[in-house]
Each structure stands twice: as C-alpha cells, then as structure tokens.
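The structure file input.cif is reproduced below (mmCIF, C-alpha atoms, pLDDT in the B column; chains and numbers go by the auth columns).
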data_target
loop_
_atom_site.group_PDB
_atom_site.id
_atom_site.type_symbol
_atom_site.label_atom_id
_atom_site.label_comp_id
_atom_site.label_asym_id
_atom_site.label_seq_id
_atom_site.Cartn_x
_atom_site.Cartn_y
_atom_site.Cartn_z
_atom_site.B_iso_or_equiv
_atom_site.auth_seq_id
_atom_site.auth_asym_id
ATOM 1 C CA MET A 1 5.576 265.799 51.665 45.00 1 Y
ATOM 2 C CA PRO A 2 5.415 266.459 47.914 45.00 2 Y
ATOM 3 C CA ASP A 3 2.219 265.607 46.091 43.00 3 Y
ATOM 4 C CA THR A 4 3.104 262.543 44.050 42.00 4 Y
ATOM 5 C CA GLN A 5 -0.392 261.131 43.805 48.00 5 Y
ATOM 6 C CA ILE A 6 -0.442 261.869 40.084 82.00 6 Y
ATOM 7 C CA ILE A 7 2.057 259.018 39.713 90.00 7 Y
ATOM 8 C CA PRO A 8 0.130 255.763 40.204 90.00 8 Y
ATOM 9 C CA GLN A 9 0.551 254.206 43.624 90.00 9 Y
ATOM 10 C CA GLU A 10 1.305 250.841 42.045 91.00 10 Y
ATOM 11 C CA ILE A 11 4.510 252.407 40.694 94.00 11 Y
ATOM 12 C CA ILE A 12 5.413 254.337 43.848 93.00 12 Y
ATOM 13 C CA THR A 13 5.016 251.316 46.119 94.00 13 Y
ATOM 14 C CA THR A 14 7.377 249.188 43.996 95.00 14 Y
ATOM 15 C CA ILE A 15 10.226 251.731 43.895 97.00 15 Y
ATOM 16 C CA LYS A 16 13.217 250.665 45.999 96.00 16 Y
ATOM 17 C CA ARG A 17 15.282 253.494 47.466 96.00 17 Y
ATOM 18 C CA LYS A 18 18.812 252.963 48.783 96.00 18 Y
ATOM 19 C CA GLU A 19 21.154 255.489 50.364 95.00 19 Y
ATOM 20 C CA LEU A 20 24.715 255.653 49.050 93.00 20 Y
ATOM 21 C CA ASN A 21 27.823 257.469 50.222 86.00 21 Y
ATOM 22 C CA GLY A 22 28.201 261.202 49.727 82.00 22 Y
ATOM 23 C CA ASN A 23 24.567 262.409 49.819 88.00 23 Y
ATOM 24 C CA ALA A 24 23.683 260.092 46.954 94.00 24 Y
ATOM 25 C CA GLU A 25 20.841 257.629 46.485 97.00 25 Y
ATOM 26 C CA ILE A 26 19.706 255.015 44.006 97.00 26 Y
ATOM 27 C CA TRP A 27 16.083 254.498 42.985 98.00 27 Y
ATOM 28 C CA MET A 28 15.112 251.138 41.475 97.00 28 Y
ATOM 29 C CA LEU A 29 12.059 249.894 39.611 97.00 29 Y
ATOM 30 C CA ASP A 30 11.332 246.318 38.516 96.00 30 Y
ATOM 31 C CA THR A 31 8.849 246.634 35.656 94.00 31 Y
ATOM 32 C CA ASP A 32 7.758 242.997 36.060 94.00 32 Y
ATOM 33 C CA GLN A 33 5.967 244.145 39.213 93.00 33 Y
ATOM 34 C CA ILE A 34 3.789 246.553 37.228 92.00 34 Y
ATOM 35 C CA SER A 35 3.358 244.446 34.096 84.00 35 Y
ATOM 36 C CA GLY A 36 -0.399 244.991 34.111 86.00 36 Y
ATOM 37 C CA LEU A 37 -0.133 248.767 34.057 89.00 37 Y
ATOM 38 C CA ASP A 38 -1.565 250.595 31.039 91.00 38 Y
ATOM 39 C CA GLU A 39 1.394 252.796 30.131 90.00 39 Y
ATOM 40 C CA THR A 40 -0.753 255.169 28.095 90.00 40 Y
ATOM 41 C CA THR A 41 -2.126 256.467 31.415 90.00 41 Y
ATOM 42 C CA LEU A 42 1.367 257.787 32.179 93.00 42 Y
ATOM 43 C CA LEU A 43 1.719 259.867 29.010 92.00 43 Y
ATOM 44 C CA PRO A 44 0.015 262.959 30.506 91.00 44 Y
ATOM 45 C CA LEU A 45 2.911 263.107 32.988 92.00 45 Y
ATOM 46 C CA LEU A 46 5.364 263.830 30.163 92.00 46 Y
ATOM 47 C CA ASP A 47 6.114 267.319 28.893 91.00 47 Y
ATOM 48 C CA GLN A 48 5.848 267.959 25.148 91.00 48 Y
ATOM 49 C CA GLY A 49 9.553 267.546 24.384 91.00 49 Y
ATOM 50 C CA THR A 50 9.795 264.257 26.255 93.00 50 Y
ATOM 51 C CA LEU A 51 6.566 263.018 24.708 93.00 51 Y
ATOM 52 C CA LEU A 52 7.922 263.780 21.241 93.00 52 Y
ATOM 53 C CA ARG A 53 11.086 261.791 21.879 92.00 53 Y
ATOM 54 C CA TYR A 54 8.999 258.939 23.310 94.00 54 Y
ATOM 55 C CA SER A 55 6.824 258.848 20.178 94.00 55 Y
ATOM 56 C CA ARG A 56 9.916 258.465 17.965 93.00 56 Y
ATOM 57 C CA ILE A 57 11.157 255.301 19.692 94.00 57 Y
ATOM 58 C CA VAL A 58 10.129 252.353 17.539 94.00 58 Y
ATOM 59 C CA HIS A 59 11.264 249.404 19.681 93.00 59 Y
ATOM 60 C CA ARG A 60 8.500 248.578 22.173 91.00 60 Y
ATOM 61 C CA GLN A 61 10.731 247.592 25.114 91.00 61 Y
ATOM 62 C CA ARG A 62 12.995 250.617 24.677 93.00 62 Y
ATOM 63 C CA ARG A 63 9.967 252.894 24.477 94.00 63 Y
ATOM 64 C CA SER A 64 8.661 251.419 27.732 94.00 64 Y
ATOM 65 C CA GLN A 65 12.072 251.760 29.408 95.00 65 Y
ATOM 66 C CA PHE A 66 12.297 255.386 28.300 95.00 66 Y
ATOM 67 C CA LEU A 67 8.829 256.208 29.644 96.00 67 Y
ATOM 68 C CA LEU A 68 9.249 254.496 32.996 96.00 68 Y
ATOM 69 C CA GLY A 69 12.759 255.877 33.354 96.00 69 Y
ATOM 70 C CA ARG A 70 11.455 259.433 33.006 96.00 70 Y
ATOM 71 C CA ILE A 71 8.635 258.708 35.470 96.00 71 Y
ATOM 72 C CA LEU A 72 11.129 257.250 37.947 97.00 72 Y
ATOM 73 C CA LEU A 73 13.395 260.291 37.555 96.00 73 Y
ATOM 74 C CA LYS A 74 10.465 262.669 38.024 95.00 74 Y
ATOM 75 C CA TYR A 75 9.454 260.884 41.198 96.00 75 Y
ATOM 76 C CA ALA A 76 13.016 260.942 42.593 97.00 76 Y
ATOM 77 C CA LEU A 77 13.437 264.654 41.841 96.00 77 Y
ATOM 78 C CA SER A 78 10.043 265.541 43.311 94.00 78 Y
ATOM 79 C CA GLU A 79 10.879 263.653 46.501 95.00 79 Y
ATOM 80 C CA LEU A 80 14.295 265.266 46.878 95.00 80 Y
ATOM 81 C CA LEU A 81 13.118 268.781 46.004 93.00 81 Y
ATOM 82 C CA GLY A 82 9.812 268.550 47.844 92.00 82 Y
ATOM 83 C CA ILE A 83 7.767 269.760 44.884 92.00 83 Y
ATOM 84 C CA ASN A 84 4.932 268.479 42.718 90.00 84 Y
ATOM 85 C CA CYS A 85 6.328 266.510 39.775 90.00 85 Y
ATOM 86 C CA HIS A 86 4.121 268.502 37.361 88.00 86 Y
ATOM 87 C CA ARG A 87 6.581 271.356 37.907 92.00 87 Y
ATOM 88 C CA ILE A 88 9.410 269.204 36.537 93.00 88 Y
ATOM 89 C CA ALA A 89 10.091 268.927 32.809 93.00 89 Y
ATOM 90 C CA PHE A 90 13.019 267.661 30.776 93.00 90 Y
ATOM 91 C CA GLN A 91 15.117 269.191 28.054 91.00 91 Y
ATOM 92 C CA GLU A 92 15.911 266.169 25.927 86.00 92 Y
ATOM 93 C CA ASN A 93 19.302 265.711 24.279 80.00 93 Y
ATOM 94 C CA SER A 94 19.684 263.203 21.446 75.00 94 Y
ATOM 95 C CA ASN A 95 23.102 261.889 22.498 72.00 95 Y
ATOM 96 C CA ALA A 96 23.203 262.726 26.199 74.00 96 Y
ATOM 97 C CA ALA A 97 21.191 262.577 29.380 81.00 97 Y
ATOM 98 C CA PRO A 98 18.317 265.047 29.705 87.00 98 Y
ATOM 99 C CA VAL A 99 18.496 268.272 31.683 90.00 99 Y
ATOM 100 C CA TYR A 100 15.667 268.910 34.101 93.00 100 Y
ATOM 101 C CA LEU A 101 13.752 272.150 34.439 93.00 101 Y
ATOM 102 C CA ILE A 102 11.676 273.468 37.322 94.00 102 Y
ATOM 103 C CA ASP A 103 8.864 275.750 36.227 93.00 103 Y
ATOM 104 C CA GLY A 104 10.638 276.129 32.890 91.00 104 Y
ATOM 105 C CA THR A 105 14.052 277.064 34.306 93.00 105 Y
ATOM 106 C CA VAL A 106 17.055 274.758 33.960 91.00 106 Y
ATOM 107 C CA SER A 107 18.244 273.453 37.329 90.00 107 Y
ATOM 108 C CA GLU A 108 21.397 271.585 38.309 83.00 108 Y
ATOM 109 C CA ASN A 109 20.824 271.323 42.063 87.00 109 Y
ATOM 110 C CA ILE A 110 20.641 267.551 41.770 93.00 110 Y
ATOM 111 C CA ARG A 111 22.923 265.461 39.576 92.00 111 Y
ATOM 112 C CA PHE A 112 21.561 262.182 38.243 95.00 112 Y
ATOM 113 C CA SER A 113 22.299 259.203 36.031 95.00 113 Y
ATOM 114 C CA LEU A 114 19.878 256.722 34.468 96.00 114 Y
ATOM 115 C CA SER A 115 20.384 253.092 33.503 97.00 115 Y
ATOM 116 C CA HIS A 116 18.231 250.134 32.522 96.00 116 Y
ATOM 117 C CA SER A 117 18.680 246.448 31.824 96.00 117 Y
ATOM 118 C CA LYS A 118 15.860 244.160 30.742 94.00 118 Y
ATOM 119 C CA ASN A 119 13.034 244.639 33.280 95.00 119 Y
ATOM 120 C CA PHE A 120 15.059 246.818 35.662 97.00 120 Y
ATOM 121 C CA ILE A 121 15.254 250.616 35.588 98.00 121 Y
ATOM 122 C CA ALA A 122 17.427 252.659 37.939 98.00 122 Y
ATOM 123 C CA CYS A 123 18.252 256.255 38.685 97.00 123 Y
ATOM 124 C CA ALA A 124 21.146 257.487 40.838 97.00 124 Y
ATOM 125 C CA THR A 125 20.949 260.980 42.323 96.00 125 Y
ATOM 126 C CA SER A 126 23.522 263.143 44.096 94.00 126 Y
ATOM 127 C CA LEU A 127 23.125 266.402 45.991 91.00 127 Y
ATOM 128 C CA THR A 128 26.806 267.253 45.877 87.00 128 Y
ATOM 129 C CA ALA A 129 28.680 265.915 42.834 86.00 129 Y
ATOM 130 C CA PRO A 130 28.369 264.491 39.295 88.00 130 Y
ATOM 131 C CA ILE A 131 27.446 260.817 39.306 92.00 131 Y
ATOM 132 C CA GLY A 132 27.459 257.873 36.902 93.00 132 Y
ATOM 133 C CA LEU A 133 25.350 254.710 37.163 96.00 133 Y
ATOM 134 C CA ASP A 134 25.253 251.421 35.307 96.00 134 Y
ATOM 135 C CA ILE A 135 23.188 248.297 35.952 98.00 135 Y
ATOM 136 C CA GLU A 136 23.271 244.954 34.197 97.00 136 Y
ATOM 137 C CA LYS A 137 21.051 241.929 34.651 97.00 137 Y
ATOM 138 C CA MET A 138 23.209 238.810 34.733 96.00 138 Y
ATOM 139 C CA GLU A 139 22.293 236.150 32.203 92.00 139 Y
ATOM 140 C CA ASN A 140 23.902 232.728 31.915 89.00 140 Y
ATOM 141 C CA SER A 141 23.257 232.704 28.168 91.00 141 Y
ATOM 142 C CA ARG A 142 25.411 235.788 27.614 91.00 142 Y
ATOM 143 C CA ASN A 143 28.819 235.022 26.089 93.00 143 Y
ATOM 144 C CA ILE A 144 31.052 236.989 28.440 92.00 144 Y
ATOM 145 C CA ASP A 145 34.246 235.944 26.636 90.00 145 Y
ATOM 146 C CA ALA A 146 33.020 237.409 23.364 92.00 146 Y
ATOM 147 C CA ILE A 147 31.875 240.635 25.023 92.00 147 Y
ATOM 148 C CA SER A 148 35.194 240.939 26.848 91.00 148 Y
ATOM 149 C CA GLN A 149 37.011 241.098 23.515 91.00 149 Y
ATOM 150 C CA PHE A 150 35.152 244.305 22.662 88.00 150 Y
ATOM 151 C CA VAL A 151 34.817 246.120 25.993 87.00 151 Y
ATOM 152 C CA PHE A 152 37.958 245.266 27.987 88.00 152 Y
ATOM 153 C CA LEU A 153 41.577 246.285 27.702 86.00 153 Y
ATOM 154 C CA GLU A 154 44.247 243.590 27.335 87.00 154 Y
ATOM 155 C CA GLU A 155 45.208 243.779 31.003 86.00 155 Y
ATOM 156 C CA GLU A 156 41.566 243.384 31.992 88.00 156 Y
ATOM 157 C CA LYS A 157 41.073 240.365 29.748 89.00 157 Y
ATOM 158 C CA ARG A 158 44.141 238.701 31.259 89.00 158 Y
ATOM 159 C CA TRP A 159 42.929 239.490 34.751 89.00 159 Y
ATOM 160 C CA LEU A 160 39.481 238.055 34.042 91.00 160 Y
ATOM 161 C CA GLU A 161 40.930 234.878 32.565 91.00 161 Y
ATOM 162 C CA HIS A 162 42.754 234.218 35.849 90.00 162 Y
ATOM 163 C CA GLN A 163 39.650 234.535 38.007 91.00 163 Y
ATOM 164 C CA PRO A 164 38.136 231.324 39.462 94.00 164 Y
ATOM 165 C CA GLU A 165 35.635 229.736 37.105 91.00 165 Y
ATOM 166 C CA GLU A 166 32.850 229.831 39.715 92.00 166 Y
ATOM 167 C CA SER A 167 33.155 233.616 40.196 93.00 167 Y
ATOM 168 C CA ARG A 168 34.342 234.751 36.758 93.00 168 Y
ATOM 169 C CA ARG A 169 30.892 235.801 35.599 95.00 169 Y
ATOM 170 C CA ASN A 170 30.406 237.995 38.676 94.00 170 Y
ATOM 171 C CA HIS A 171 33.822 239.583 38.155 92.00 171 Y
ATOM 172 C CA PHE A 172 32.979 240.229 34.504 94.00 172 Y
ATOM 173 C CA TYR A 173 29.751 242.069 35.337 95.00 173 Y
ATOM 174 C CA LEU A 174 31.303 244.062 38.176 93.00 174 Y
ATOM 175 C CA LEU A 175 34.157 245.240 35.966 91.00 175 Y
ATOM 176 C CA TRP A 176 31.866 245.962 33.022 92.00 176 Y
ATOM 177 C CA THR A 177 29.400 248.049 35.074 93.00 177 Y
ATOM 178 C CA LYS A 178 32.201 249.974 36.794 89.00 178 Y
ATOM 179 C CA LYS A 179 33.655 250.969 33.425 87.00 179 Y
ATOM 180 C CA GLU A 180 30.227 251.990 32.105 91.00 180 Y
ATOM 181 C CA ALA A 181 29.434 254.004 35.238 91.00 181 Y
ATOM 182 C CA CYS A 182 32.763 255.796 34.869 86.00 182 Y
ATOM 183 C CA TYR A 183 32.041 256.564 31.212 86.00 183 Y
ATOM 184 C CA LYS A 184 28.608 257.996 32.097 88.00 184 Y
ATOM 185 C CA TRP A 185 30.137 260.141 34.830 87.00 185 Y
ATOM 186 C CA GLN A 186 32.624 261.588 32.364 82.00 186 Y
ATOM 187 C CA SER A 187 29.999 262.093 29.660 79.00 187 Y
ATOM 188 C CA SER A 188 27.699 263.923 32.083 71.00 188 Y
ATOM 189 C CA GLN A 189 30.196 266.750 32.446 68.00 189 Y
ATOM 190 C CA ASN A 190 31.869 266.571 29.024 59.00 190 Y
ATOM 191 C CA ALA A 191 35.117 265.665 30.750 53.00 191 Y
ATOM 192 C CA VAL A 192 38.212 264.746 28.787 49.00 192 Y
ATOM 193 C CA LYS A 193 38.340 260.961 28.612 53.00 193 Y
ATOM 194 C CA ASP A 194 41.270 259.673 30.655 52.00 194 Y
ATOM 195 C CA ALA A 195 42.126 256.152 29.502 47.00 195 Y
ATOM 196 C CA ARG A 196 43.738 255.414 32.866 49.00 196 Y
ATOM 197 C CA MET A 197 40.317 255.498 34.498 52.00 197 Y
ATOM 198 C CA PHE A 198 39.142 252.555 32.438 53.00 198 Y
ATOM 199 C CA GLY A 199 41.998 250.193 33.312 55.00 199 Y
ATOM 200 C CA LEU A 200 42.203 247.999 36.385 55.00 200 Y
ATOM 201 C CA ASN A 201 44.504 250.477 38.117 53.00 201 Y
ATOM 202 C CA GLY A 202 42.070 253.294 37.499 50.00 202 Y
ATOM 203 C CA LEU A 203 38.997 251.540 38.880 56.00 203 Y
ATOM 204 C CA ASN A 204 39.816 252.514 42.435 58.00 204 Y
ATOM 205 C CA ASP A 205 39.419 255.500 44.728 58.00 205 Y
ATOM 206 C CA SER A 206 42.167 257.577 43.113 60.00 206 Y
ATOM 207 C CA PHE A 207 39.780 259.044 40.535 64.00 207 Y
ATOM 208 C CA GLY A 208 36.556 259.093 42.540 74.00 208 Y
ATOM 209 C CA LYS A 209 34.244 257.225 44.897 81.00 209 Y
ATOM 210 C CA TRP A 210 33.060 253.767 43.835 83.00 210 Y
ATOM 211 C CA GLU A 211 30.195 251.602 45.022 90.00 211 Y
ATOM 212 C CA SER A 212 29.486 248.257 43.362 92.00 212 Y
ATOM 213 C CA TRP A 213 27.322 245.397 44.523 95.00 213 Y
ATOM 214 C CA ILE A 214 25.208 242.449 43.398 96.00 214 Y
ATOM 215 C CA ASP A 215 21.499 242.409 44.233 95.00 215 Y
ATOM 216 C CA GLY A 216 19.944 239.134 43.107 94.00 216 Y
ATOM 217 C CA PRO A 217 20.321 238.953 39.317 95.00 217 Y
ATOM 218 C CA LEU A 218 21.358 242.592 39.103 97.00 218 Y
ATOM 219 C CA VAL A 219 24.859 244.078 39.187 97.00 219 Y
ATOM 220 C CA ILE A 220 25.030 247.767 40.107 97.00 220 Y
ATOM 221 C CA SER A 221 27.932 250.227 39.952 95.00 221 Y
ATOM 222 C CA VAL A 222 27.976 253.906 40.884 94.00 222 Y
ATOM 223 C CA PHE A 223 30.817 256.390 40.411 90.00 223 Y
ATOM 224 C CA GLN A 224 30.957 259.872 41.950 88.00 224 Y
ATOM 225 C CA SER A 225 33.412 262.741 41.816 80.00 225 Y
ATOM 226 C CA PRO A 226 35.975 262.647 44.644 73.00 226 Y
#
Show me this structure written as structure tokens.
Amino acid sequence: MPDTQIIPQEIITTIKRKELNGNAEIWMLDTDQISGLDETTLLPLLDQGTLLRYSRIVHRQRRSQFLLGRILLKYALSELLGINCHRIAFQENSNAAPVYLIDGTVSENIRFSLSHSKNFIACATSLTAPIGLDIEKMENSRNIDAISQFVFLEEEKRWLEHQPEESRRNHFYLLWTKKEACYKWQSSQNAVKDARMFGLNGLNDSFGKWESWIDGPLVISVFQSP
C-alpha cells in the first residue's frame, strides 16, 4: 500500500471512490465534511509551482477548491501508482489542466479530469484513455431557462422545453454536464472541436463512452474515448 499518511486521515476517510467502465474511476470529496480542517496544514504537500498558482487565487472559495482538488488528485494518483504522493508534482498550465510529474519526469500513464461545484470536488481517472468529467450541484434557485439560452443549441432548447415539468431540471443538469464533460475531454487532448458532439445526436455512444448519474444533489457526467 502506498504511504498516504502525509495526507490527513480526516480527508482520506471522507473520499468516495467509485469504479466506472473502461478501467476508470471517480474520486469524490465533500468539503463540508472537513469544514474544520486548517487548510494551511496542507500547503507543505504542494510543490513550488502549484503553491505559486494557489497564492495567486484571490477568491477564497476558489482557492480552497484548487487546493483540495490538487490534494484529491495527488491521493488518487498515489493510490493508482502505488507510490508516496511526495513523489508527485504538477506542471501547472494557466488555461488547461495540469500535467503530473513523478520524480520530476512528466508522466501520462494515467489520464484524469477535475471538476468542482460548491462544496463538492471530484477527480476522474482512466488507465486506458483520455477522460472528461463535469459535476454540478443542483440548486432550485438557479434559473435554468436563462442558462439554457447561453449553453444549449436550438435543438436542445426545444427538447428541454418539451420535457415534463417535474423532471425538466434533472434533464437540464444531465445535458449540461454531459456537454461540459465532452468539452473537457476534447480540451485535454487539444482535439479539433466537432460541433456534432455537442448536439443531442452527438451525446451518445457514437463518439465515445458516456456515464451520467444523479447522486443526491449532485449531477455527474463522464466521457471517455471509445
């Protein structure tokens, strides 16, 4: 077993791990369960580049999400690789996901995608293929009609309007997270954006492998290469 004792047990014991299709997994953390944790005690776990990026984040919640997201990713990688997480560092990219290094050497043995929403942080990992993840916490106060005007195509807006009132919000979040997961998958490999993938006809198995589900207040979507 890898030595993960340097990550506080109160974090490790709250991480939920779920197996997905295709040698993939999702790792979840609800920060409300560790609300009493002094986050400054986690800073020594960050490498210098990651610590610098952390220090530049002004918004308190985003800074906390960034920190705990990197800790969650370190834990997931250390578990999958069977190594001490001190050997793992990140090469931060301003407009893209980080690249991880083992003992200073860039590694791509494990593909991953990070996402967060409110108090939830998640990381999806794959041993075999690029992967994209998006999570959203459902909120009744959110104006889904207004958001739909900006994020959905015309065919999608028409489709959503015809969904039963009692399930429309669920359909909105499922469609939204699937599109975001697809976008992250494409961005992770600098793929040419194919507009067909973002329409209703594209959100199926013809372009890749989908998994979407609702877990309490959280909607989760994962997209992997076929």
Written as a PyMOL selection string, what is the full residue list that the PyMOL selection byres ((chain Y and resi 18-32) around 9) yields on the file shown? chain Y and resi 11+14-17+33-36+65+68-69+72-73+76+118-129+131+133+209+211+222+224
Keeping only C-alpha atoms, take the residues you just selected and write them out as a PDB file, in the coordinates of the input.
ATOM      1  CA  ILE Y  11       4.510 252.407  40.694  1.00 94.00           C
ATOM      2  CA  THR Y  14       7.377 249.188  43.996  1.00 95.00           C
ATOM      3  CA  ILE Y  15      10.226 251.731  43.895  1.00 97.00           C
ATOM      4  CA  LYS Y  16      13.217 250.665  45.999  1.00 96.00           C
ATOM      5  CA  ARG Y  17      15.282 253.494  47.466  1.00 96.00           C
ATOM      6  CA  GLN Y  33       5.967 244.145  39.213  1.00 93.00           C
ATOM      7  CA  ILE Y  34       3.789 246.553  37.228  1.00 92.00           C
ATOM      8  CA  SER Y  35       3.358 244.446  34.096  1.00 84.00           C
ATOM      9  CA  GLY Y  36      -0.399 244.991  34.111  1.00 86.00           C
ATOM     10  CA  GLN Y  65      12.072 251.760  29.408  1.00 95.00           C
ATOM     11  CA  LEU Y  68       9.249 254.496  32.996  1.00 96.00           C
ATOM     12  CA  GLY Y  69      12.759 255.877  33.354  1.00 96.00           C
ATOM     13  CA  LEU Y  72      11.129 257.250  37.947  1.00 97.00           C
ATOM     14  CA  LEU Y  73      13.395 260.291  37.555  1.00 96.00           C
ATOM     15  CA  ALA Y  76      13.016 260.942  42.593  1.00 97.00           C
ATOM     16  CA  LYS Y 118      15.860 244.160  30.742  1.00 94.00           C
ATOM     17  CA  ASN Y 119      13.034 244.639  33.280  1.00 95.00           C
ATOM     18  CA  PHE Y 120      15.059 246.818  35.662  1.00 97.00           C
ATOM     19  CA  ILE Y 121      15.254 250.616  35.588  1.00 98.00           C
ATOM     20  CA  ALA Y 122      17.427 252.659  37.939  1.00 98.00           C
ATOM     21  CA  CYS Y 123      18.252 256.255  38.685  1.00 97.00           C
ATOM     22  CA  ALA Y 124      21.146 257.487  40.838  1.00 97.00           C
ATOM     23  CA  THR Y 125      20.949 260.980  42.323  1.00 96.00           C
ATOM     24  CA  SER Y 126      23.522 263.143  44.096  1.00 94.00           C
ATOM     25  CA  LEU Y 127      23.125 266.402  45.991  1.00 91.00           C
ATOM     26  CA  THR Y 128      26.806 267.253  45.877  1.00 87.00           C
ATOM     27  CA  ALA Y 129      28.680 265.915  42.834  1.00 86.00           C
ATOM     28  CA  ILE Y 131      27.446 260.817  39.306  1.00 92.00           C
ATOM     29  CA  LEU Y 133      25.350 254.710  37.163  1.00 96.00           C
ATOM     30  CA  LYS Y 209      34.244 257.225  44.897  1.00 81.00           C
ATOM     31  CA  GLU Y 211      30.195 251.602  45.022  1.00 90.00           C
ATOM     32  CA  VAL Y 222      27.976 253.906  40.884  1.00 94.00           C
ATOM     33  CA  GLN Y 224      30.957 259.872  41.950  1.00 88.00           C
TER      34      GLN Y 224
END
Given the file above and the PyMOL selection byres ((chain Y and resi 175) around 12), which residues are selected, and can you give them as a PyMOL selection string? chain Y and resi 134-136+144+148+151-153+156-157+159-160+168-174+176-182+198-204+210-214+219-222
Using Å and a single decimal, report how far atom CA of Y:Gly132 sits from atom CA of Y:Ile6. 28.4 Å
Taking all atoms listed in the file into account, which of Y:Lys74, Y:Ser187, Y:Thr13, Y:Ala97 comes nearest Y:Leu114?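 Among the listed residues, Y:Ala97 lies closest to Y:Leu114.
Atom CA of Y:Leu80 is found 19.8 Å from atom CA of Y:Phe223.
Atom CA of Y:Ser113 sits 16.5 Å away from atom CA of Y:Pro226.
The shortest atom-to-atom distance to Y:Pro130, with all atoms listed in the file taken into account, belongs to Y:Ser188 out of Y:Ser167, Y:Asn84, Y:Asn143, Y:Ser188.
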Ranking Y:Glu161, Y:Tyr54, Y:Ala89, Y:Thr105 by minimum distance to Y:Gln149 and counting only C-alpha atoms, which one comes first? Y:Glu161
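This file gives the following result for the PyMOL selection byres ((chain Y and resi 94) around 12): Gly49, Thr50, Leu52, Arg53, Tyr54, Arg56, Ile57, Gln91, Glu92, Asn93, Asn95, Ala96, Ala97, Pro98 and Val99 of chain Y.
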Write to file, as a PDB file, in the frame of the given file, the residues of the selection just made, with C-alpha atoms.
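Printed below is out.pdb as written:
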ATOM      1  CA  GLY Y  49       9.553 267.546  24.384  1.00 91.00           C
ATOM      2  CA  THR Y  50       9.795 264.257  26.255  1.00 93.00           C
ATOM      3  CA  LEU Y  52       7.922 263.780  21.241  1.00 93.00           C
ATOM      4  CA  ARG Y  53      11.086 261.791  21.879  1.00 92.00           C
ATOM      5  CA  TYR Y  54       8.999 258.939  23.310  1.00 94.00           C
ATOM      6  CA  ARG Y  56       9.916 258.465  17.965  1.00 93.00           C
ATOM      7  CA  ILE Y  57      11.157 255.301  19.692  1.00 94.00           C
ATOM      8  CA  GLN Y  91      15.117 269.191  28.054  1.00 91.00           C
ATOM      9  CA  GLU Y  92      15.911 266.169  25.927  1.00 86.00           C
ATOM     10  CA  ASN Y  93      19.302 265.711  24.279  1.00 80.00           C
ATOM     11  CA  ASN Y  95      23.102 261.889  22.498  1.00 72.00           C
ATOM     12  CA  ALA Y  96      23.203 262.726  26.199  1.00 74.00           C
ATOM     13  CA  ALA Y  97      21.191 262.577  29.380  1.00 81.00           C
ATOM     14  CA  PRO Y  98      18.317 265.047  29.705  1.00 87.00           C
ATOM     15  CA  VAL Y  99      18.496 268.272  31.683  1.00 90.00           C
TER      16      VAL Y  99
END
Write out, as CSV, each residue of stretch 74-158 of chain Y that has an atom at most 9 Å from stretch 37-48 of chain Y, together with the closest pair of atoms and their distance in Å to one decimal, counting all atoms listed in the file, rows going by chain and rising number.
residue,atom,partner,partner_atom,distance
Y:Cys85,CA,Y:Leu45,CA,8.3
Y:His86,CA,Y:Leu45,CA,7.0
Y:Ile88,CA,Y:Asp47,CA,8.5
Y:Ala89,CA,Y:Asp47,CA,5.8
Y:Phe90,CA,Y:Asp47,CA,7.2
